[in-house]
$ cat data.pdb   # PDB, C-alpha atoms
ATOM      1  CA  MET A   1      20.082 -15.778 -14.963
ATOM      2  CA  GLN A   2      23.603 -17.293 -15.127
ATOM      3  CA  LYS A   3      24.577 -14.695 -17.726
ATOM      4  CA  ILE A   4      23.514 -11.857 -15.413
ATOM      5  CA  MET A   5      25.455 -13.357 -12.477
ATOM      6  CA  ARG A   6      28.606 -13.678 -14.601
ATOM      7  CA  GLU A   7      28.348 -10.040 -15.664
ATOM      8  CA  ILE A   8      28.004  -8.913 -12.043
ATOM      9  CA  SER A   9      31.157 -10.873 -11.159
ATOM     10  CA  SER A  10      33.213  -9.412 -14.008
ATOM     11  CA  GLU A  11      32.073  -5.757 -14.202
ATOM     12  CA  THR A  12      33.430  -3.011 -11.979
ATOM     13  CA  ASN A  13      31.619  -0.033 -13.426
ATOM     14  CA  ARG A  14      29.158   1.247 -10.808
ATOM     15  CA  LYS A  15      26.414   2.146 -13.259
ATOM     16  CA  THR A  16      26.701  -1.212 -14.943
ATOM     17  CA  LEU A  17      26.579  -2.995 -11.603
ATOM     18  CA  ASP A  18      23.544  -0.948 -10.570
ATOM     19  CA  LYS A  19      21.777  -1.896 -13.786
ATOM     20  CA  LEU A  20      22.609  -5.566 -13.360
ATOM     21  CA  ASP A  21      21.450  -5.460  -9.745
ATOM     22  CA  LYS A  22      18.171  -3.935 -10.884
ATOM     23  CA  ASP A  23      17.842  -6.597 -13.590
ATOM     24  CA  LEU A  24      18.217  -9.273 -10.930
ATOM     25  CA  MET A  25      15.560  -7.549  -8.826
ATOM     26  CA  HIS A  26      13.188  -7.676 -11.787
ATOM     27  CA  VAL A  27      13.888 -11.373 -12.282
ATOM     28  CA  ARG A  28      13.165 -11.948  -8.586
ATOM     29  CA  ILE A  29       9.908  -9.984  -8.842
ATOM     30  CA  THR A  30       8.754 -12.355 -11.581
ATOM     31  CA  GLY A  31       9.792 -15.427  -9.591
ATOM     32  CA  TYR A  32       8.257 -14.317  -6.301
ATOM     33  CA  LEU A  33       5.009 -13.328  -8.001
ATOM     34  CA  LEU A  34       4.859 -16.988  -9.016
ATOM     35  CA  VAL A  35       5.713 -18.259  -5.523
ATOM     36  CA  HIS A  36       3.307 -15.889  -3.756
ATOM     37  CA  ALA A  37       0.532 -15.759  -6.358
ATOM     38  CA  PRO A  38      -2.611 -14.745  -4.417
ATOM     39  CA  THR A  39      -5.042 -16.738  -6.588
ATOM     40  CA  ASP A  40      -4.997 -19.841  -8.794
ATOM     41  CA  THR A  41      -5.625 -17.572 -11.770
ATOM     42  CA  ALA A  42      -2.580 -15.495 -10.814
ATOM     43  CA  LEU A  43      -0.464 -18.641 -10.480
ATOM     44  CA  ALA A  44      -1.509 -19.882 -13.931
ATOM     45  CA  HIS A  45      -0.849 -16.457 -15.426
ATOM     46  CA  MET A  46       2.639 -16.218 -13.941
ATOM     47  CA  VAL A  47       3.461 -19.720 -15.201
ATOM     48  CA  ARG A  48       2.431 -18.654 -18.713
ATOM     49  CA  SER A  49       4.356 -15.380 -18.450
ATOM     50  CA  ILE A  50       7.565 -17.113 -17.380
ATOM     51  CA  HIS A  51       7.146 -19.908 -19.925
ATOM     52  CA  SER A  52       6.833 -17.327 -22.704
ATOM     53  CA  CYS A  53      10.251 -15.833 -21.876
ATOM     54  CA  LYS A  54      12.825 -17.067 -24.389
ATOM     55  CA  THR A  55      15.852 -15.165 -23.049
ATOM     56  CA  ASP A  56      17.194 -13.624 -19.851
ATOM     57  CA  GLU A  57      16.247 -10.249 -21.276
ATOM     58  CA  ASP A  58      12.622 -11.383 -21.660
ATOM     59  CA  LEU A  59      12.568 -12.444 -18.004
ATOM     60  CA  VAL A  60      14.000  -9.107 -16.919
ATOM     61  CA  GLU A  61      11.476  -7.230 -19.047
ATOM     62  CA  THR A  62       8.582  -9.190 -17.526
ATOM     63  CA  GLY A  63       9.716  -8.256 -14.024
ATOM     64  CA  ARG A  64      10.259  -4.646 -15.052
ATOM     65  CA  PHE A  65       6.720  -4.462 -16.364
ATOM     66  CA  PHE A  66       5.254  -5.782 -13.097
ATOM     67  CA  ASP A  67       7.476  -3.425 -11.122
ATOM     68  CA  GLU A  68       6.554  -0.238 -12.960
ATOM     69  CA  ASN A  69       2.895  -0.977 -13.720
ATOM     70  CA  PHE A  70       1.792  -2.910 -10.654
ATOM     71  CA  LEU A  71       4.015  -3.408  -7.616
ATOM     72  CA  ARG A  72       5.355   0.151  -7.418
ATOM     73  CA  TRP A  73       1.827   1.561  -7.284
ATOM     74  CA  PHE A  74       1.220  -0.238  -3.990
ATOM     75  CA  ARG A  75       4.174   1.644  -2.490
ATOM     76  CA  LYS A  76       3.039   5.093  -1.394
ATOM     77  CA  PHE A  77       5.669   7.799  -1.807
ATOM     78  CA  PRO A  78       5.607  11.062   0.217
ATOM     79  CA  VAL A  79       3.664  13.873  -1.406
ATOM     80  CA  PRO A  80       4.557  17.575  -1.388
ATOM     81  CA  THR A  81       3.861  19.330   1.907
ATOM     82  CA  TYR A  82       0.391  20.784   2.265
ATOM     83  CA  LYS A  83      -1.873  21.865   5.094
ATOM     84  CA  TRP A  84      -2.976  18.812   7.023
ATOM     85  CA  SER A  85      -4.663  18.257  10.346
ATOM     86  CA  HIS A  86      -5.560  15.184  12.334
ATOM     87  CA  ASP A  87      -8.537  16.949  13.899
ATOM     88  CA  VAL A  88     -11.967  15.607  13.100
ATOM     89  CA  SER A  89     -15.410  17.195  13.154
ATOM     90  CA  ARG A  90     -16.826  18.073  16.556
ATOM     91  CA  PRO A  91     -20.573  17.383  16.578
ATOM     92  CA  SER A  92     -22.433  17.585  19.888
ATOM     93  CA  CYS A  93     -23.136  14.015  21.031
ATOM     94  CA  ASN A  94     -24.196  12.311  24.235
ATOM     95  CA  ASN A  95     -22.586   8.930  23.524
ATOM     96  CA  THR A  96     -20.293   7.211  21.050
ATOM     97  CA  GLN A  97     -23.174   5.733  19.026
ATOM     98  CA  GLU A  98     -24.481   9.232  18.334
ATOM     99  CA  LEU A  99     -20.954  10.237  17.351
ATOM    100  CA  VAL A 100     -20.731   7.320  14.918
ATOM    101  CA  LYS A 101     -23.983   8.362  13.240
ATOM    102  CA  ALA A 102     -22.884  11.997  13.076
ATOM    103  CA  MET A 103     -19.562  11.169  11.403
ATOM    104  CA  LEU A 104     -20.532   8.329   9.088
ATOM    105  CA  VAL A 105     -20.717   8.804   5.333
ATOM    106  CA  HIS A 106     -22.143   5.574   3.876
ATOM    107  CA  THR A 107     -20.746   6.171   0.384
ATOM    108  CA  PRO A 108     -17.505   8.172   0.729
ATOM    109  CA  GLN A 109     -16.554  10.206  -2.334
ATOM    110  CA  ASN A 110     -13.047  11.320  -1.325
ATOM    111  CA  HIS A 111     -10.218  10.598   1.094
ATOM    112  CA  SER A 112     -11.546  12.952   3.765
ATOM    113  CA  GLN A 113     -14.939  11.238   3.858
ATOM    114  CA  ALA A 114     -13.284   7.804   3.742
ATOM    115  CA  LYS A 115     -11.124   8.717   6.738
ATOM    116  CA  GLN A 116     -14.116   9.926   8.735
ATOM    117  CA  SER A 117     -16.244   6.871   7.900
ATOM    118  CA  ALA A 118     -13.473   4.354   8.587
ATOM    119  CA  LEU A 119     -12.801   6.054  11.918
ATOM    120  CA  ALA A 120     -16.475   5.786  12.872
ATOM    121  CA  ARG A 121     -16.657   2.124  11.833
ATOM    122  CA  ASP A 122     -13.419   1.265  13.677
ATOM    123  CA  ASN A 123     -14.770   2.742  16.935
ATOM    124  CA  PHE A 124     -12.371   5.702  16.577
ATOM    125  CA  ARG A 125      -9.381   3.429  17.105
ATOM    126  CA  CYS A 126      -6.265   2.195  15.343
ATOM    127  CA  VAL A 127      -7.062  -1.368  14.243
ATOM    128  CA  PHE A 128      -3.514  -2.520  15.050
ATOM    129  CA  THR A 129      -3.169  -1.099  18.561
ATOM    130  CA  GLY A 130      -6.558  -0.011  19.862
ATOM    131  CA  ALA A 131      -5.293   3.555  20.395
ATOM    132  CA  ILE A 132      -8.061   6.177  20.168
ATOM    133  CA  ASN A 133      -7.832   8.916  17.585
ATOM    134  CA  GLN A 134      -6.312  11.894  19.359
ATOM    135  CA  GLY A 135      -8.781  14.429  17.922
ATOM    136  CA  ILE A 136     -11.754  12.344  19.048
ATOM    137  CA  PHE A 137     -10.253  11.846  22.496
ATOM    138  CA  ILE A 138      -9.630  15.572  22.990
ATOM    139  CA  ASN A 139     -12.919  16.818  21.546
ATOM    140  CA  HIS A 140     -15.142  14.151  23.123
ATOM    141  CA  TYR A 141     -13.282  13.399  26.333
ATOM    142  CA  ALA A 142     -16.484  13.134  28.364
ATOM    143  CA  LEU A 143     -17.797  10.222  26.291
ATOM    144  CA  PHE A 144     -15.169   7.841  27.672
ATOM    145  CA  SER A 145     -16.017   6.280  31.013
ATOM    146  CA  ASP A 146     -12.451   6.160  32.294
ATOM    147  CA  PRO A 147     -10.153   8.181  30.006
ATOM    148  CA  SER A 148      -7.094   7.161  32.004
ATOM    149  CA  GLU A 149      -7.466   3.625  30.609
ATOM    150  CA  PHE A 150      -7.114   4.736  26.991
ATOM    151  CA  GLU A 151      -4.098   5.547  24.846
ATOM    152  CA  ALA A 152      -4.624   8.398  22.391
ATOM    153  CA  ASP A 153      -2.563   8.970  19.259
ATOM    154  CA  VAL A 154      -2.750  10.535  15.811
ATOM    155  CA  THR A 155      -4.387   8.146  13.344
ATOM    156  CA  GLU A 156      -4.782   8.158   9.592
ATOM    157  CA  CYS A 157      -6.929   6.380   7.032
ATOM    158  CA  CYS A 158      -5.065   3.950   4.778
ATOM    159  CA  HIS A 159      -6.292   2.384   1.555
ATOM    160  CA  VAL A 160      -5.603  -1.334   1.079
ATOM    161  CA  ILE A 161      -5.647  -0.979  -2.701
ATOM    162  CA  PRO A 162      -3.991   2.409  -3.338
ATOM    163  CA  GLU A 163      -5.854   5.470  -4.549
ATOM    164  CA  GLY A 164      -3.280   5.792  -7.339
ATOM    165  CA  ILE A 165      -4.973   3.121  -9.446
ATOM    166  CA  ASN A 166      -7.486   5.752 -10.551
ATOM    167  CA  SER A 167      -4.675   7.467 -12.436
ATOM    168  CA  PHE A 168      -5.157   4.806 -15.102
ATOM    169  CA  SER A 169      -7.764   4.339 -17.806
ATOM    170  CA  VAL A 170     -10.055   1.343 -17.315
ATOM    171  CA  ARG A 171     -10.247   0.489 -21.026
ATOM    172  CA  GLU A 172      -9.878  -3.190 -21.892
ATOM    173  CA  VAL A 173      -6.416  -4.254 -23.105
ATOM    174  CA  ASP A 174      -6.048  -7.953 -23.953
ATOM    175  CA  ASP A 175      -2.254  -8.003 -24.235
ATOM    176  CA  GLU A 176      -0.882  -7.535 -20.721
ATOM    177  CA  MET A 177       2.569  -6.519 -21.973
ATOM    178  CA  SER A 178       1.176  -3.897 -24.352
ATOM    179  CA  SER A 179       2.297  -0.313 -23.750
ATOM    180  CA  SER A 180      -1.394   0.489 -23.209
ATOM    181  CA  ALA A 181      -1.731  -2.061 -20.394
ATOM    182  CA  ASN A 182      -1.878  -0.850 -16.801
ATOM    183  CA  VAL A 183      -2.746  -1.937 -13.276
ATOM    184  CA  TRP A 184      -6.390  -2.664 -14.205
ATOM    185  CA  THR A 185      -5.196  -5.027 -16.943
ATOM    186  CA  ILE A 186      -2.922  -6.780 -14.450
ATOM    187  CA  PHE A 187      -5.735  -7.076 -11.886
ATOM    188  CA  ARG A 188      -7.826  -8.856 -14.511
ATOM    189  CA  HIS A 189      -5.020 -11.244 -15.485
ATOM    190  CA  LEU A 190      -4.323 -12.055 -11.827
ATOM    191  CA  GLY A 191      -7.924 -13.098 -11.252
ATOM    192  CA  TYR A 192      -9.563  -9.861 -10.092
ATOM    193  CA  PRO A 193     -11.906  -8.738 -12.909
ATOM    194  CA  ASN A 194     -14.329  -7.432 -10.269
ATOM    195  CA  PHE A 195     -11.885  -4.758  -9.113
ATOM    196  CA  VAL A 196     -12.840  -2.394 -11.953
ATOM    197  CA  ASP A 197     -16.487  -2.322 -10.848
ATOM    198  CA  GLU A 198     -15.620  -2.130  -7.152
ATOM    199  CA  LEU A 199     -12.733   0.344  -7.053
ATOM    200  CA  VAL A 200     -12.904   2.682 -10.024
ATOM    201  CA  GLY A 201     -13.589   6.304  -9.139
ATOM    202  CA  ALA A 202     -15.074   6.805  -5.675
ATOM    203  CA  GLY A 203     -15.149   3.031  -5.156
ATOM    204  CA  VAL A 204     -11.555   3.179  -3.920
ATOM    205  CA  TYR A 205     -12.859   5.093  -0.865
ATOM    206  CA  SER A 206     -15.239   2.299   0.123
ATOM    207  CA  LEU A 207     -15.137   0.952   3.674
ATOM    208  CA  THR A 208     -14.033  -2.380   2.210
ATOM    209  CA  ASN A 209     -10.785  -0.672   1.180
ATOM    210  CA  THR A 210      -9.962   1.407   4.272
ATOM    211  CA  LEU A 211      -8.247   0.919   7.634
ATOM    212  CA  THR A 212      -7.625   3.280  10.556
ATOM    213  CA  MET A 213      -4.101   3.149  11.980
ATOM    214  CA  LYS A 214      -1.526   5.171  13.875
ATOM    215  CA  VAL A 215       0.525   7.516  11.736
ATOM    216  CA  ARG A 216       3.728   5.814  12.909
ATOM    217  CA  LEU A 217       2.377   2.504  11.533
ATOM    218  CA  ARG A 218       1.203   4.172   8.343
ATOM    219  CA  LEU A 219       4.833   4.676   7.307
ATOM    220  CA  HIS A 220       5.484   0.920   7.347
ATOM    221  CA  PHE A 221       2.144   0.137   5.711
ATOM    222  CA  ASP A 222       2.963   2.576   2.895
ATOM    223  CA  ARG A 223       6.466   1.112   2.467
ATOM    224  CA  LEU A 224       5.084  -2.451   2.129
ATOM    225  CA  THR A 225       6.813  -3.639   5.328
ATOM    226  CA  LEU A 226       3.596  -4.115   7.320
ATOM    227  CA  TRP A 227       0.660  -6.257   6.197
ATOM    228  CA  LEU A 228      -2.055  -8.643   7.364
ATOM    229  CA  ASP A 229      -2.328 -12.387   6.715
ATOM    230  CA  ALA A 230      -5.697 -14.123   6.986
ATOM    231  CA  THR A 231      -6.265 -16.819   9.614
ATOM    232  CA  ASN A 232      -8.852 -19.604   9.714
ATOM    233  CA  ILE A 233     -11.179 -17.276  11.627
ATOM    234  CA  PRO A 234     -13.133 -14.781   9.464
ATOM    235  CA  ASN A 235     -11.999 -11.175   9.897
ATOM    236  CA  ARG A 236      -9.080 -12.216  12.111
ATOM    237  CA  TYR A 237      -5.586 -11.526  10.742
ATOM    238  CA  LYS A 238      -2.008 -12.055  11.792
ATOM    239  CA  VAL A 239       0.113  -8.898  11.774
ATOM    240  CA  CYS A 240       3.203  -9.469   9.600
ATOM    241  CA  THR A 241       6.294  -7.339   9.084
ATOM    242  CA  ALA A 242       9.601  -7.295   7.224
ATOM    243  CA  GLY A 243      11.274  -8.397  10.476
ATOM    244  CA  GLY A 244      14.350  -7.086  12.259
ATOM    245  CA  ALA A 245      14.287  -3.495  13.478
ATOM    246  CA  ILE A 246      11.017  -2.886  11.655
ATOM    247  CA  ALA A 247       9.278  -5.610  13.684
ATOM    248  CA  GLU A 248      10.780  -4.161  16.869
ATOM    249  CA  THR A 249       9.405  -0.732  15.969
ATOM    250  CA  ILE A 250       5.946  -2.030  15.079
ATOM    251  CA  PHE A 251       5.371  -4.419  17.976
ATOM    252  CA  HIS A 252       7.303  -2.838  20.833
ATOM    253  CA  HIS A 253       7.421   0.879  20.124
ATOM    254  CA  ALA A 254       4.141   1.356  18.262
ATOM    255  CA  LYS A 255       2.527  -1.410  20.386
ATOM    256  CA  ALA A 256       0.852  -3.301  17.548
ATOM    257  CA  ARG A 257      -0.897  -6.511  18.554
ATOM    258  CA  GLU A 258       0.050  -9.893  17.144
ATOM    259  CA  PHE A 259      -3.440 -10.384  15.726
ATOM    260  CA  VAL A 260      -6.098  -7.983  14.459
ATOM    261  CA  GLU A 261      -9.805  -8.799  14.555
ATOM    262  CA  PHE A 262     -12.001  -6.490  12.506
ATOM    263  CA  THR A 263     -15.261  -5.415  14.127
ATOM    264  CA  SER A 264     -17.681  -2.601  13.430
ATOM    265  CA  THR A 265     -19.692  -0.167  15.503
ATOM    266  CA  ASP A 266     -22.610  -0.998  13.192
ATOM    267  CA  ALA A 267     -23.277  -4.447  11.703
ATOM    268  CA  SER A 268     -24.426  -2.842   8.441
ATOM    269  CA  LEU A 269     -20.995  -1.302   7.807
ATOM    270  CA  ALA A 270     -18.614  -3.249   5.572
ATOM    271  CA  LEU A 271     -15.328  -4.526   6.987
ATOM    272  CA  PRO A 272     -12.032  -4.496   5.048
ATOM    273  CA  SER A 273     -12.089  -6.917   2.119
ATOM    274  CA  ALA A 274     -10.218 -10.189   2.619
ATOM    275  CA  GLU A 275      -9.550 -10.252  -1.135
ATOM    276  CA  TYR A 276      -7.917  -6.806  -1.120
ATOM    277  CA  LEU A 277      -5.840  -7.644   1.955
ATOM    278  CA  ALA A 278      -4.638 -10.926   0.418
ATOM    279  CA  LEU A 279      -3.453  -9.155  -2.743
ATOM    280  CA  ARG A 280      -1.662  -6.488  -0.730
ATOM    281  CA  ALA A 281      -0.014  -9.157   1.463
ATOM    282  CA  ALA A 282       1.296 -10.879  -1.677
ATOM    283  CA  CYS A 283       2.670  -7.565  -2.982
ATOM    284  CA  CYS A 284       4.431  -6.901   0.329
ATOM    285  CA  ARG A 285       6.115 -10.300   0.320
ATOM    286  CA  VAL A 286       7.211  -9.947  -3.300
ATOM    287  CA  ALA A 287       8.564  -6.446  -2.664
ATOM    288  CA  ILE A 288      10.586  -7.531   0.372
ATOM    289  CA  LEU A 289      11.930 -10.822  -0.984
ATOM    290  CA  SER A 290      12.846  -9.391  -4.389
ATOM    291  CA  GLY A 291      14.624  -6.367  -2.926
ATOM    292  CA  ALA A 292      12.085  -3.994  -4.498
ATOM    293  CA  ALA A 293      11.087  -2.570  -1.092
ATOM    294  CA  ASP A 294      14.681  -1.421  -0.527
ATOM    295  CA  TRP A 295      14.851  -0.141  -4.096
ATOM    296  CA  TYR A 296      11.722   1.972  -3.568
ATOM    297  CA  ASN A 297      13.250   3.454  -0.400
ATOM    298  CA  LYS A 298      16.302   4.366  -2.463
ATOM    299  CA  LEU A 299      14.121   5.934  -5.162
ATOM    300  CA  GLU A 300      12.433   8.046  -2.515
ATOM    301  CA  LYS A 301      15.796   9.239  -1.219
ATOM    302  CA  ASP A 302      17.155   9.942  -4.721
ATOM    303  CA  ALA A 303      14.022  11.912  -5.633
ATOM    304  CA  GLU A 304      14.416  14.015  -2.477
ATOM    305  CA  GLU A 305      18.080  14.708  -3.259
ATOM    306  CA  LEU A 306      17.219  15.709  -6.815
ATOM    307  CA  GLU A 307      14.584  18.118  -5.505
ATOM    308  CA  LEU A 308      17.107  19.651  -3.089
ATOM    309  CA  GLY A 309      19.623  20.117  -5.898
ATOM    310  CA  THR A 310      22.153  17.714  -4.393
ATOM    311  CA  PRO A 311      21.811  14.652  -6.614
ATOM    312  CA  ASN A 312      23.955  11.700  -5.629
ATOM    313  CA  ALA A 313      21.696   9.174  -7.236
ATOM    314  CA  SER A 314      22.263   6.025  -9.203
ATOM    315  CA  SER A 315      18.556   5.763  -9.986
ATOM    316  CA  THR A 316      17.712   6.527 -13.581
ATOM    317  CA  PHE A 317      15.802   9.662 -14.475
ATOM    318  CA  ALA A 318      12.944   7.462 -15.736
ATOM    319  CA  ASP A 319      12.647   5.749 -12.338
ATOM    320  CA  ILE A 320      12.614   9.058 -10.491
ATOM    321  CA  LEU A 321      10.076  10.461 -12.963
ATOM    322  CA  THR A 322       7.777   7.472 -12.373
ATOM    323  CA  THR A 323       8.077   8.085  -8.632
ATOM    324  CA  ARG A 324       7.195  11.742  -9.128
ATOM    325  CA  LEU A 325       4.129  10.816 -11.196
ATOM    326  CA  ILE A 326       2.919   8.575  -8.370
ATOM    327  CA  GLN A 327       3.501  11.422  -5.900
ATOM    328  CA  LEU A 328       1.679  13.904  -8.117
ATOM    329  CA  GLY A 329      -1.347  11.631  -8.404
ATOM    330  CA  ASP A 330      -1.487  11.187  -4.622
ATOM    331  CA  PHE A 331      -1.106  14.932  -4.059
ATOM    332  CA  ARG A 332      -3.880  15.843  -6.494
ATOM    333  CA  ARG A 333      -6.271  13.411  -4.795
ATOM    334  CA  SER A 334      -5.288  14.579  -1.294
ATOM    335  CA  VAL A 335      -6.231  18.193  -2.063
ATOM    336  CA  GLY A 336      -9.245  17.302  -4.186
ATOM    337  CA  VAL A 337      -7.836  18.442  -7.532
TER     338      VAL A 337
END

$ encode --input "data.pdb" --output "structure tokens"
Amino acid sequence: MQKIMREISSETNRKTLDKLDKDLMHVRITGYLLVHAPTDTALAHMVRSIHSCKTDEDLVETGRFFDENFLRWFRKFPVPTYKWSHDVSRPSCNNTQELVKAMLVHTPQNHSQAKQSALARDNFRCVFTGAINQGIFINHYALFSDPSEFEADVTECCHVIPEGINSFSVREVDDEMSSSANVWTIFRHLGYPNFVDELVGAGVYSLTNTLTMKVRLRLHFDRLTLWLDATNIPNRYKVCTAGGAIAETIFHHAKAREFVEFTSTDASLALPSAEYLALRAACCRVAILSGAADWYNKLEKDAEELELGTPNASSTFADILTTRLIQLGDFRRSVGV
């Protein structure tokens, strides 16, 4: 660490400084994964990982591995533009319970079905604000006793553990740092061996892994600057943000509540998993404190500039390529390819 700091102080070359800054970010990712380990197994694993590092370069490489094969996959990057609508199906119903039954898919197989089922479970509302899905409000206006009391807005379905994990093979790899290792390997080493059985394939669309929220909040959720922390009350969570202007936007402009309490229109429907939410919360904290969240924003901007033919990027081609691969995976799933 001291060697890296000395090099930053002495070098003036921009590319060199950018590399050293990124190296420091990777060191911080390793350290904050230790500080914010979501399980005892994760804590023990991070202790072993750090202890095995013999040089500064080893520490940087450990952080780089977690960045590229784990943390970055929780950050959703924009996908290419395609036809999209917030409208939902319009079955003929006499009350909201009939509407829930008409919309619900108990075992969603894709994002569209997951969105519809989560919306039905969440009483057609954003879990952060209580705003009703705009399509539901317009198409089923008569079902609401006093529509003037409700706020309507565009909502979207978000996955707590990202859909992108299904881009990886689920084969067993014992050596975490092997080139064949991936996010499933890391899940297992962090104390989540059950994730393979629960989330592989269509499992990622389960109600335990979905939330309904306003589109304007979705941006912050995707960028790892909005998350939920568990309280002592089951299914009750504190809404947490990166602070500053982001907190102002989330709480005052988007009208998010300070606490979220998950409920369901049907007791048989699963609520979001506390285990998934805890892992995502840890990833958000690590991303913000390490500087990775800002780095991912920069990668997004550099990728956009490269696409427009006006590159002014200090990001490496490999970083931008990784970002594009994440985008491609999200795009293919969104259009059912």

$ closest_residue --input "data.pdb" --among "A:Ala278, A:Val196, A:Val204, A:Cys126" --to "Lys255 (chain A)" --atoms "only C-alpha atoms"
A:Cys126

$ residues_around --input "data.pdb" --residues "region 98-114 of chain A" --least-positions-apart "6" --cutoff "6 Å" --atoms "all atoms listed in the file" --output "VMD selection string"
chain A and resid 120 202 205

$ closest_residue --input "data.pdb" --among "A:Asp294, A:Asp23, A:Asp222, A:Asp197" --to "His159 (chain A)" --atoms "only C-alpha atoms"
A:Asp222

$ resolve_selection --input "data.pdb" --expression "the PyMOL selection byres ((chain A and resi 295-297) around 10)" --output "number ranges by chain"
A: 22, 25, 72, 75-77, 223-224, 287-288, 290-294, 298-303, 315, 319-320, 323

$ write_last_selection --input "data.pdb" --atoms "C-alpha atoms" --output "mmCIF file, in the coordinates of the input"
data_model
loop_
_atom_site.group_PDB
_atom_site.id
_atom_site.type_symbol
_atom_site.label_atom_id
_atom_site.label_comp_id
_atom_site.auth_asym_id
_atom_site.auth_seq_id
_atom_site.Cartn_x
_atom_site.Cartn_y
_atom_site.Cartn_z
ATOM 1 C CA LYS A 22 18.171 -3.935 -10.884
ATOM 2 C CA MET A 25 15.560 -7.549 -8.826
ATOM 3 C CA ARG A 72 5.355 0.151 -7.418
ATOM 4 C CA ARG A 75 4.174 1.644 -2.490
ATOM 5 C CA LYS A 76 3.039 5.093 -1.394
ATOM 6 C CA PHE A 77 5.669 7.799 -1.807
ATOM 7 C CA ARG A 223 6.466 1.112 2.467
ATOM 8 C CA LEU A 224 5.084 -2.451 2.129
ATOM 9 C CA ALA A 287 8.564 -6.446 -2.664
ATOM 10 C CA ILE A 288 10.586 -7.531 0.372
ATOM 11 C CA SER A 290 12.846 -9.391 -4.389
ATOM 12 C CA GLY A 291 14.624 -6.367 -2.926
ATOM 13 C CA ALA A 292 12.085 -3.994 -4.498
ATOM 14 C CA ALA A 293 11.087 -2.570 -1.092
ATOM 15 C CA ASP A 294 14.681 -1.421 -0.527
ATOM 16 C CA LYS A 298 16.302 4.366 -2.463
ATOM 17 C CA LEU A 299 14.121 5.934 -5.162
ATOM 18 C CA GLU A 300 12.433 8.046 -2.515
ATOM 19 C CA LYS A 301 15.796 9.239 -1.219
ATOM 20 C CA ASP A 302 17.155 9.942 -4.721
ATOM 21 C CA ALA A 303 14.022 11.912 -5.633
ATOM 22 C CA SER A 315 18.556 5.763 -9.986
ATOM 23 C CA ASP A 319 12.647 5.749 -12.338
ATOM 24 C CA ILE A 320 12.614 9.058 -10.491
ATOM 25 C CA THR A 323 8.077 8.085 -8.632
#

$ atom_distance --input "data.pdb" --atom1 "CA of His220 (chain A)" --atom2 "CA of Asn235 (chain A)"
21.4 Å

$ closest_residue --input "data.pdb" --among "A:Thr241, A:Ser206, A:Thr185, A:Thr41" --to "Glu258 (chain A)" --atoms "all atoms listed in the file"
A:Thr241

$ residues_around --input "data.pdb" --residues "Ala254 (chain A)" --least-positions-apart "2" --cutoff "10 Å" --atoms "all atoms listed in the file" --output "MDAnalysis selection string"
chainID A and resid 128:129 131 214:217 247:252 256:257

$ resolve_selection --input "data.pdb" --expression "the PyMOL selection byres ((chain A and resi 280-282) around 12)" --output "PyMOL selection string"
chain A and resi 29+32-39+42-43+70-75+159-162+187+190+209+221-230+237-242+273-279+283-290

$ atom_distance --input "data.pdb" --atom1 "CA of Arg64 (chain A)" --atom2 "CA of Leu219 (chain A)"
24.8 Å

$ atom_distance --input "data.pdb" --atom1 "CA of Ser117 (chain A)" --atom2 "CA of Arg188 (chain A)"
28.6 Å

$ axis_aligned_box --input "data.pdb" --around "region 24-43 of chain A" --padding-each-side "6 Å" --output "lines of an AutoDock Vina configuration file"
center_x = 6.3
center_y = -13.7
center_z = -8.0
size_x = 35.8
size_y = 24.3
size_z = 20.5
